[in-house]
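File shown: entry-v9.cif. Contents: mmCIF, C-alpha atoms.
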```cif
data_my_file
#
loop_
_atom_site.label_atom_id
_atom_site.label_comp_id
_atom_site.auth_asym_id
_atom_site.auth_seq_id
_atom_site.Cartn_x
_atom_site.Cartn_y
_atom_site.Cartn_z
CA MET A 1 -102.80 1.52 76.53
CA THR A 2 -102.55 -1.78 78.41
CA THR A 3 -101.57 -2.12 82.06
CA ALA A 4 -98.16 -3.44 80.94
CA ASP A 5 -97.69 -0.42 78.64
CA THR A 6 -98.62 1.93 81.48
CA ALA A 7 -96.24 0.19 83.89
CA LEU A 8 -93.41 0.38 81.34
CA ALA A 9 -94.07 4.07 80.66
CA GLU A 10 -94.09 4.81 84.39
CA LEU A 11 -90.83 2.91 84.95
CA LEU A 12 -89.08 4.63 82.03
CA ASN A 13 -90.39 8.09 82.91
CA SER A 14 -89.27 7.66 86.51
CA ARG A 15 -85.68 7.19 85.27
CA ILE A 16 -85.61 10.20 82.90
CA ARG A 17 -84.10 13.23 84.61
CA ASP A 18 -85.10 16.83 83.86
CA VAL A 19 -82.11 19.17 83.46
CA PRO A 20 -83.25 22.80 83.36
CA ASP A 21 -81.47 25.36 81.16
CA TYR A 22 -79.47 22.75 79.22
CA PRO A 23 -78.00 23.10 76.63
CA LYS A 24 -79.15 26.73 76.79
CA PRO A 25 -81.35 28.87 79.03
CA GLY A 26 -85.05 28.11 78.75
CA VAL A 27 -84.60 24.51 77.56
CA LEU A 28 -85.68 21.60 79.78
CA PHE A 29 -83.41 18.73 78.69
CA LYS A 30 -84.63 15.15 79.15
CA ASP A 31 -81.57 13.17 80.31
CA ILE A 32 -81.81 9.41 79.69
CA ALA A 33 -78.47 8.62 81.38
CA PRO A 34 -80.20 7.54 84.65
CA LEU A 35 -82.45 5.20 82.63
CA LEU A 36 -79.44 3.66 80.89
CA ALA A 37 -77.65 3.24 84.23
CA ASP A 38 -80.60 1.36 85.76
CA ALA A 39 -80.45 -2.31 84.75
CA GLU A 40 -84.17 -2.89 85.37
CA ALA A 41 -85.34 0.09 83.32
CA PHE A 42 -82.80 -0.37 80.51
CA GLY A 43 -83.59 -4.08 80.34
CA ALA A 44 -87.33 -3.40 80.18
CA LEU A 45 -86.81 -0.85 77.42
CA THR A 46 -84.56 -3.22 75.45
CA ARG A 47 -87.06 -6.08 75.75
CA ALA A 48 -89.97 -3.83 74.70
CA LEU A 49 -88.08 -2.65 71.60
CA ALA A 50 -86.96 -6.19 70.71
CA ASP A 51 -90.51 -7.51 71.15
CA ARG A 52 -91.89 -4.76 68.93
CA ALA A 53 -89.31 -5.51 66.23
CA ALA A 54 -90.43 -9.15 66.24
CA GLU A 55 -94.15 -8.25 66.23
CA LEU A 56 -93.65 -5.96 63.22
CA GLY A 57 -91.63 -8.55 61.31
CA ALA A 58 -88.50 -6.40 61.19
CA THR A 59 -85.35 -7.92 59.76
CA LYS A 60 -83.08 -5.06 60.86
CA VAL A 61 -83.17 -2.33 63.50
CA VAL A 62 -81.95 1.17 62.62
CA GLY A 63 -80.61 3.56 65.25
CA LEU A 64 -80.22 7.29 64.74
CA GLU A 65 -77.09 9.10 65.85
CA ALA A 66 -76.26 9.24 68.62
CA ARG A 67 -78.52 8.19 71.48
CA GLY A 68 -80.61 6.09 69.11
CA PHE A 69 -77.57 3.81 68.76
CA VAL A 70 -77.61 3.10 72.49
CA LEU A 71 -81.26 2.02 72.32
CA ALA A 72 -81.39 0.27 68.94
CA ALA A 73 -78.23 -1.86 69.05
CA PRO A 74 -79.12 -3.86 72.20
CA ALA A 75 -82.73 -4.20 70.98
CA ALA A 76 -81.49 -5.60 67.66
CA PHE A 77 -79.24 -8.05 69.49
CA ALA A 78 -82.05 -9.13 71.84
CA ALA A 79 -84.35 -9.70 68.83
CA GLY A 80 -81.67 -11.65 66.93
CA LEU A 81 -81.52 -8.99 64.22
CA GLY A 82 -78.85 -6.86 62.60
CA PHE A 83 -78.28 -3.22 63.51
CA VAL A 84 -77.77 -0.36 61.04
CA PRO A 85 -76.61 3.10 62.10
CA ILE A 86 -77.80 6.27 60.42
CA ARG A 87 -75.07 8.81 61.04
CA LYS A 88 -74.22 12.45 60.63
CA GLN A 89 -72.52 13.43 57.37
CA GLY A 90 -68.95 12.23 56.91
CA LYS A 91 -68.97 9.54 59.61
CA LEU A 92 -69.52 6.43 57.44
CA PRO A 93 -67.00 4.88 55.04
CA GLY A 94 -67.85 3.84 51.50
CA GLU A 95 -70.76 4.87 49.34
CA VAL A 96 -73.68 6.43 51.17
CA PHE A 97 -77.13 7.77 50.57
CA ARG A 98 -77.51 11.20 52.15
CA ARG A 99 -80.45 13.35 53.12
CA SER A 100 -80.39 16.97 54.32
CA TYR A 101 -83.11 18.46 56.46
CA GLN A 102 -83.89 21.72 58.20
CA LEU A 103 -83.17 22.40 61.85
CA GLU A 104 -84.55 25.28 63.89
CA TYR A 105 -81.48 27.30 62.90
CA GLY A 106 -79.73 25.87 59.86
CA SER A 107 -79.63 22.38 58.39
CA ALA A 108 -78.08 18.96 58.93
CA THR A 109 -77.33 15.93 56.79
CA LEU A 110 -77.69 12.24 57.63
CA GLU A 111 -76.21 9.25 55.82
CA VAL A 112 -76.65 5.49 55.56
CA GLN A 113 -74.36 3.11 53.70
CA CYS A 114 -75.70 2.10 50.29
CA ASP A 115 -75.30 -1.61 51.07
CA ALA A 116 -76.90 -1.48 54.55
CA PHE A 117 -80.06 -3.26 53.41
CA THR A 118 -81.02 -5.87 50.86
CA PRO A 119 -84.07 -4.92 48.79
CA GLY A 120 -87.33 -5.46 50.65
CA GLU A 121 -85.85 -5.84 54.13
CA ARG A 122 -88.25 -4.68 56.85
CA VAL A 123 -86.75 -2.07 59.15
CA LEU A 124 -87.71 -0.82 62.61
CA VAL A 125 -86.34 2.68 63.22
CA VAL A 126 -85.53 3.49 66.87
CA ASP A 127 -84.60 6.83 68.41
CA ASP A 128 -84.60 8.43 71.81
CA VAL A 129 -86.82 11.42 71.11
CA LEU A 130 -89.36 12.70 68.61
CA ALA A 131 -89.27 16.49 68.67
CA THR A 132 -89.97 18.39 65.44
CA GLY A 133 -89.64 15.26 63.28
CA GLY A 134 -86.81 16.49 61.04
CA THR A 135 -84.22 13.87 61.98
CA ILE A 136 -86.63 10.96 61.92
CA GLY A 137 -88.24 12.16 58.67
CA ALA A 138 -84.87 12.36 56.92
CA SER A 139 -83.98 8.91 58.28
CA LEU A 140 -87.19 7.37 56.98
CA ASP A 141 -86.48 8.81 53.55
CA LEU A 142 -82.98 7.28 53.67
CA VAL A 143 -84.35 3.86 54.63
CA LYS A 144 -86.67 3.93 51.61
CA GLU A 145 -83.96 5.25 49.28
CA ALA A 146 -81.67 2.42 50.40
CA GLY A 147 -84.31 -0.12 49.32
CA ALA A 148 -85.77 -1.19 52.65
CA GLU A 149 -89.40 -1.27 53.71
CA LEU A 150 -90.39 0.60 56.87
CA ALA A 151 -91.87 -1.79 59.45
CA GLY A 152 -92.35 0.96 62.02
CA VAL A 153 -90.83 3.63 64.22
CA VAL A 154 -90.50 3.47 68.00
CA VAL A 155 -89.23 6.39 70.06
CA LEU A 156 -88.54 6.46 73.76
CA MET A 157 -89.97 9.97 74.26
CA GLU A 158 -92.24 12.20 72.23
CA LEU A 159 -92.28 15.93 72.89
CA GLY A 160 -95.94 16.23 71.95
CA PHE A 161 -96.01 20.03 72.08
CA LEU A 162 -93.66 20.24 69.06
CA ASP A 163 -96.01 18.46 66.60
CA GLY A 164 -93.34 16.18 65.15
CA ARG A 165 -95.86 13.36 64.75
CA GLU A 166 -97.92 15.42 62.30
CA ARG A 167 -94.81 16.30 60.28
CA LEU A 168 -93.93 12.61 59.90
CA ALA A 169 -97.27 11.50 58.47
CA GLY A 170 -96.06 11.77 54.87
CA HIS A 171 -92.87 9.82 55.59
CA LEU A 172 -94.46 6.79 57.31
CA GLY A 173 -96.29 5.22 54.37
CA GLY A 174 -98.80 3.64 56.74
CA ALA A 175 -96.19 2.18 59.11
CA PRO A 176 -96.87 2.68 62.82
CA LEU A 177 -95.21 5.43 64.87
CA GLU A 178 -95.13 4.48 68.54
CA THR A 179 -93.98 6.31 71.63
CA LEU A 180 -93.17 4.79 75.00
CA VAL A 181 -93.30 8.07 76.99
CA THR A 182 -95.06 11.30 75.98
CA VAL A 183 -93.84 14.59 77.46
#
```
Could you render the structure from this file as C-alpha cells?
Amino acid sequence: MTTADTALAELLNSRIRDVPDYPKPGVLFKDIAPLLADAEAFGALTRALADRAAELGATKVVGLEARGFVLAAPAAFAAGLGFVPIRKQGKLPGEVFRRSYQLEYGSATLEVQCDAFTPGERVLVVDDVLATGGTIGASLDLVKEAGAELAGVVVLMELGFLDGRERLAGHLGGAPLETLVTV
C-alpha cells in the first residue's frame, strides 16, 4: 500500500461512524453518511474511484443498490463514463437479466436491464461494502450475462472477518478486487 493509499484509507475510515446494535442487537453498523457529508472525504473517494476506472480501462461503472449508487454514479461522471444501476427485483423497466442469491436468512434477486451494455464493454463494479460476497457475486454474474467484461471491483469497505473475498474468487475471472478500507 502506498503512502497515498494509506492516507486515503485513513481519511475515509475517520469519516465512517460505528453505530452499535443497528439494525439489530449485536450488529455494529458502519454508517457512511458522515463520509458522504464531508466534501473532502467524498471528493477523495470519488476521485479514487474515477481514477481506478480509468486505470482499468472501464467504459462503464456499475453501482449496486442502494449505497453503491451513491458511490458509483459520481465516480462514473468524474471519469467521463456512463453509469449502470443493478437493482433489486422489480425496480427496473423493460427486459432484464435477473440473478437470485442466498442471504443469511432467505434469498434476494438482483436485476440489470438487458440493453445496459454493448458486447465487450469493460465494467468497473462499485459498492459500499463487501460482507459475505452474495450481492457482489450475483452482480458479477449479471454483468457477464449481459455481455460485458469485468474490468474490476472496488468496494469502500471490506468486512474481512466474513470471508466474502474468498467466495468471490470464482466470479472474478482474474479481474482485480480492491478495497479502500478493511474492517
Practice task
Using the chain letters and residue numbers of this document, give as an NGL selection string the residues selected by the PyMOL selection byres ((chain A and resi 170) around 12).
Solution key: :A and (133 or 136-138 or 140-141 or 164-169 or 171-175 or 177)
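Nearest residue to A:Gln113, choosing from A:Leu71, A:Val129, A:Leu92, A:Ala39 and counting only C-alpha atoms: A:Leu92.
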Exercise for the section: Rank A:Lys60, A:Arg15, A:Lys88, A:Lys24 by their smallest atom-to-atom distance to A:Asp38, using all atoms listed in the file, and report the top residue only. Expected result: A:Arg15
Handout entry: Atomic distance atom CA of A:Asp115 - atom CA of A:Leu130, expressed in Å with one decimal
Key =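 Atom-to-atom, atom CA of A:Asp115 to atom CA of A:Leu130, that is 26.6 Å.
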Residues within 12 Å of (-74.0, 17.9, 56.3), file coordinates, counting only C-alpha atoms: what are they? Give the list as a tab-separated table (two decimals) with C-alpha atoms, in the coordinates of the input.
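Now in selection.tsv:
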```
chain	number	residue	atom	x	y	z
A	87	ARG	CA	-75.07	8.81	61.04
A	88	LYS	CA	-74.22	12.45	60.63
A	89	GLN	CA	-72.52	13.43	57.37
A	90	GLY	CA	-68.95	12.23	56.91
A	91	LYS	CA	-68.97	9.54	59.61
A	98	ARG	CA	-77.51	11.20	52.15
A	99	ARG	CA	-80.45	13.35	53.12
A	100	SER	CA	-80.39	16.97	54.32
A	101	TYR	CA	-83.11	18.46	56.46
A	102	GLN	CA	-83.89	21.72	58.20
A	103	LEU	CA	-83.17	22.40	61.85
A	106	GLY	CA	-79.73	25.87	59.86
A	107	SER	CA	-79.63	22.38	58.39
A	108	ALA	CA	-78.08	18.96	58.93
A	109	THR	CA	-77.33	15.93	56.79
A	110	LEU	CA	-77.69	12.24	57.63
A	111	GLU	CA	-76.21	9.25	55.82
```
Problem - Length of the atom CA of A:Asp31 to atom CA of A:Val183 vector [Å] - result: 12.7 Å
Problem - Selected residue of minimal separation from A:Gly134 among A:Glu104, A:Ile86, A:Ile16, A:Gly160, counting all atoms listed in the file - result: A:Glu104
Exercise for the section: Write out as number ranges by chain the residues lying within 12 Å of A:Ala54, counting all atoms listed in the file and excluding same-chain residues fewer than 2 positions away. Expected result: A: 47-52, 56-61, 75-81, 122-124, 151-152
Practice task
Report the distance between atom CA of A:Pro176 and atom CA of A:Pro34 in Å, rounded to one decimal place.
Solution key: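 So the answer is 27.9 Å.
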Exercise for the section: Name the residues that the PyMOL selection byres ((chain A and resi 147) around 8) pulls out of this structure, and write them as a PyMOL selection string. Expected result: chain A and resi 117-121+143-146+148-149
Dump as a PDB file, in the coordinates of the input, selection limited to C-alpha atoms:
```pdb
ATOM      1  CA  PHE A 117     -80.060  -3.260  53.410  1.00  0.00           C
ATOM      2  CA  THR A 118     -81.020  -5.870  50.860  1.00  0.00           C
ATOM      3  CA  PRO A 119     -84.070  -4.920  48.790  1.00  0.00           C
ATOM      4  CA  GLY A 120     -87.330  -5.460  50.650  1.00  0.00           C
ATOM      5  CA  GLU A 121     -85.850  -5.840  54.130  1.00  0.00           C
ATOM      6  CA  VAL A 143     -84.350   3.860  54.630  1.00  0.00           C
ATOM      7  CA  LYS A 144     -86.670   3.930  51.610  1.00  0.00           C
ATOM      8  CA  GLU A 145     -83.960   5.250  49.280  1.00  0.00           C
ATOM      9  CA  ALA A 146     -81.670   2.420  50.400  1.00  0.00           C
ATOM     10  CA  ALA A 148     -85.770  -1.190  52.650  1.00  0.00           C
ATOM     11  CA  GLU A 149     -89.400  -1.270  53.710  1.00  0.00           C
TER      12      GLU A 149
END
```
Go ahead and fit an axis-aligned box to every listed atom of stretch 48-61 of chain A plus 8 Å each side, and pass me the centre and edge lengths in Å, one decimal, as JSON.
```
{"center_x": -88.6, "center_y": -5.7, "center_z": 67.2, "size_x": 27.1, "size_y": 22.8, "size_z": 30.9}
```
Residue members of the PyMOL selection byres ((chain A and resi 63) around 7) in the file shown, as an mmCIF file with C-alpha atoms, in the coordinates of the input:
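Saved file expr21.cif follows:
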```
data_model
loop_
_atom_site.group_PDB
_atom_site.id
_atom_site.type_symbol
_atom_site.label_atom_id
_atom_site.label_comp_id
_atom_site.auth_asym_id
_atom_site.auth_seq_id
_atom_site.Cartn_x
_atom_site.Cartn_y
_atom_site.Cartn_z
ATOM 1 C CA VAL A 61 -83.170 -2.330 63.500
ATOM 2 C CA VAL A 62 -81.950 1.170 62.620
ATOM 3 C CA LEU A 64 -80.220 7.290 64.740
ATOM 4 C CA GLU A 65 -77.090 9.100 65.850
ATOM 5 C CA GLY A 68 -80.610 6.090 69.110
ATOM 6 C CA PHE A 69 -77.570 3.810 68.760
ATOM 7 C CA ALA A 72 -81.390 0.270 68.940
ATOM 8 C CA VAL A 84 -77.770 -0.360 61.040
ATOM 9 C CA PRO A 85 -76.610 3.100 62.100
ATOM 10 C CA ILE A 86 -77.800 6.270 60.420
ATOM 11 C CA VAL A 125 -86.340 2.680 63.220
ATOM 12 C CA VAL A 126 -85.530 3.490 66.870
ATOM 13 C CA ASP A 127 -84.600 6.830 68.410
#
```
Handout entry: Near-A:Leu35 list (10 Å; all atoms listed in the file; drop same-chain fewer than 4 positions) as a list in words
Key =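 Once the adjacent positions are removed, what remains is Leu11, Leu12, Asn13, Ser14, Arg15, Ile16, Arg17, Asp31, Ala39, Glu40, Ala41, Phe42, Gly43 and Leu45 of chain A.
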Please rebuild stretch 128-139 of chain A with N, CA, C and O atoms and give the result as a CSV table (one decimal), in the coordinates of the input.
```csv
chain,number,residue,atom,x,y,z
A,128,ASP,N,-84.3,8.1,70.4
A,128,ASP,CA,-84.6,8.4,71.8
A,128,ASP,C,-85.7,9.4,71.9
A,128,ASP,O,-86.5,9.4,72.9
A,129,VAL,N,-85.8,10.4,71.0
A,129,VAL,CA,-86.8,11.4,71.1
A,129,VAL,C,-87.4,11.8,69.7
A,129,VAL,O,-86.7,11.9,68.8
A,130,LEU,N,-88.7,12.1,69.7
A,130,LEU,CA,-89.4,12.7,68.6
A,130,LEU,C,-89.7,14.1,69.0
A,130,LEU,O,-90.5,14.3,69.9
A,131,ALA,N,-89.0,15.1,68.4
A,131,ALA,CA,-89.3,16.5,68.7
A,131,ALA,C,-90.0,17.1,67.5
A,131,ALA,O,-91.2,16.9,67.4
A,132,THR,N,-89.3,17.8,66.6
A,132,THR,CA,-90.0,18.4,65.4
A,132,THR,C,-90.2,17.4,64.3
A,132,THR,O,-90.9,17.7,63.3
A,133,GLY,N,-89.5,16.3,64.3
A,133,GLY,CA,-89.6,15.3,63.3
A,133,GLY,C,-88.6,15.3,62.2
A,133,GLY,O,-88.6,14.5,61.3
A,134,GLY,N,-87.8,16.3,62.1
A,134,GLY,CA,-86.8,16.5,61.0
A,134,GLY,C,-85.8,15.3,60.9
A,134,GLY,O,-85.6,14.8,59.8
A,135,THR,N,-85.2,14.9,62.0
A,135,THR,CA,-84.2,13.9,62.0
A,135,THR,C,-84.9,12.5,61.6
A,135,THR,O,-84.4,11.8,60.7
A,136,ILE,N,-86.0,12.2,62.2
A,136,ILE,CA,-86.6,11.0,61.9
A,136,ILE,C,-87.2,11.0,60.5
A,136,ILE,O,-87.0,10.0,59.8
A,137,GLY,N,-87.7,12.1,60.0
A,137,GLY,CA,-88.2,12.2,58.7
A,137,GLY,C,-87.2,11.9,57.6
A,137,GLY,O,-87.3,11.1,56.7
A,138,ALA,N,-86.0,12.6,57.8
A,138,ALA,CA,-84.9,12.4,56.9
A,138,ALA,C,-84.4,10.9,57.0
A,138,ALA,O,-84.1,10.3,55.9
A,139,SER,N,-84.4,10.3,58.1
A,139,SER,CA,-84.0,8.9,58.3
A,139,SER,C,-84.9,8.0,57.6
A,139,SER,O,-84.5,7.0,56.9
```
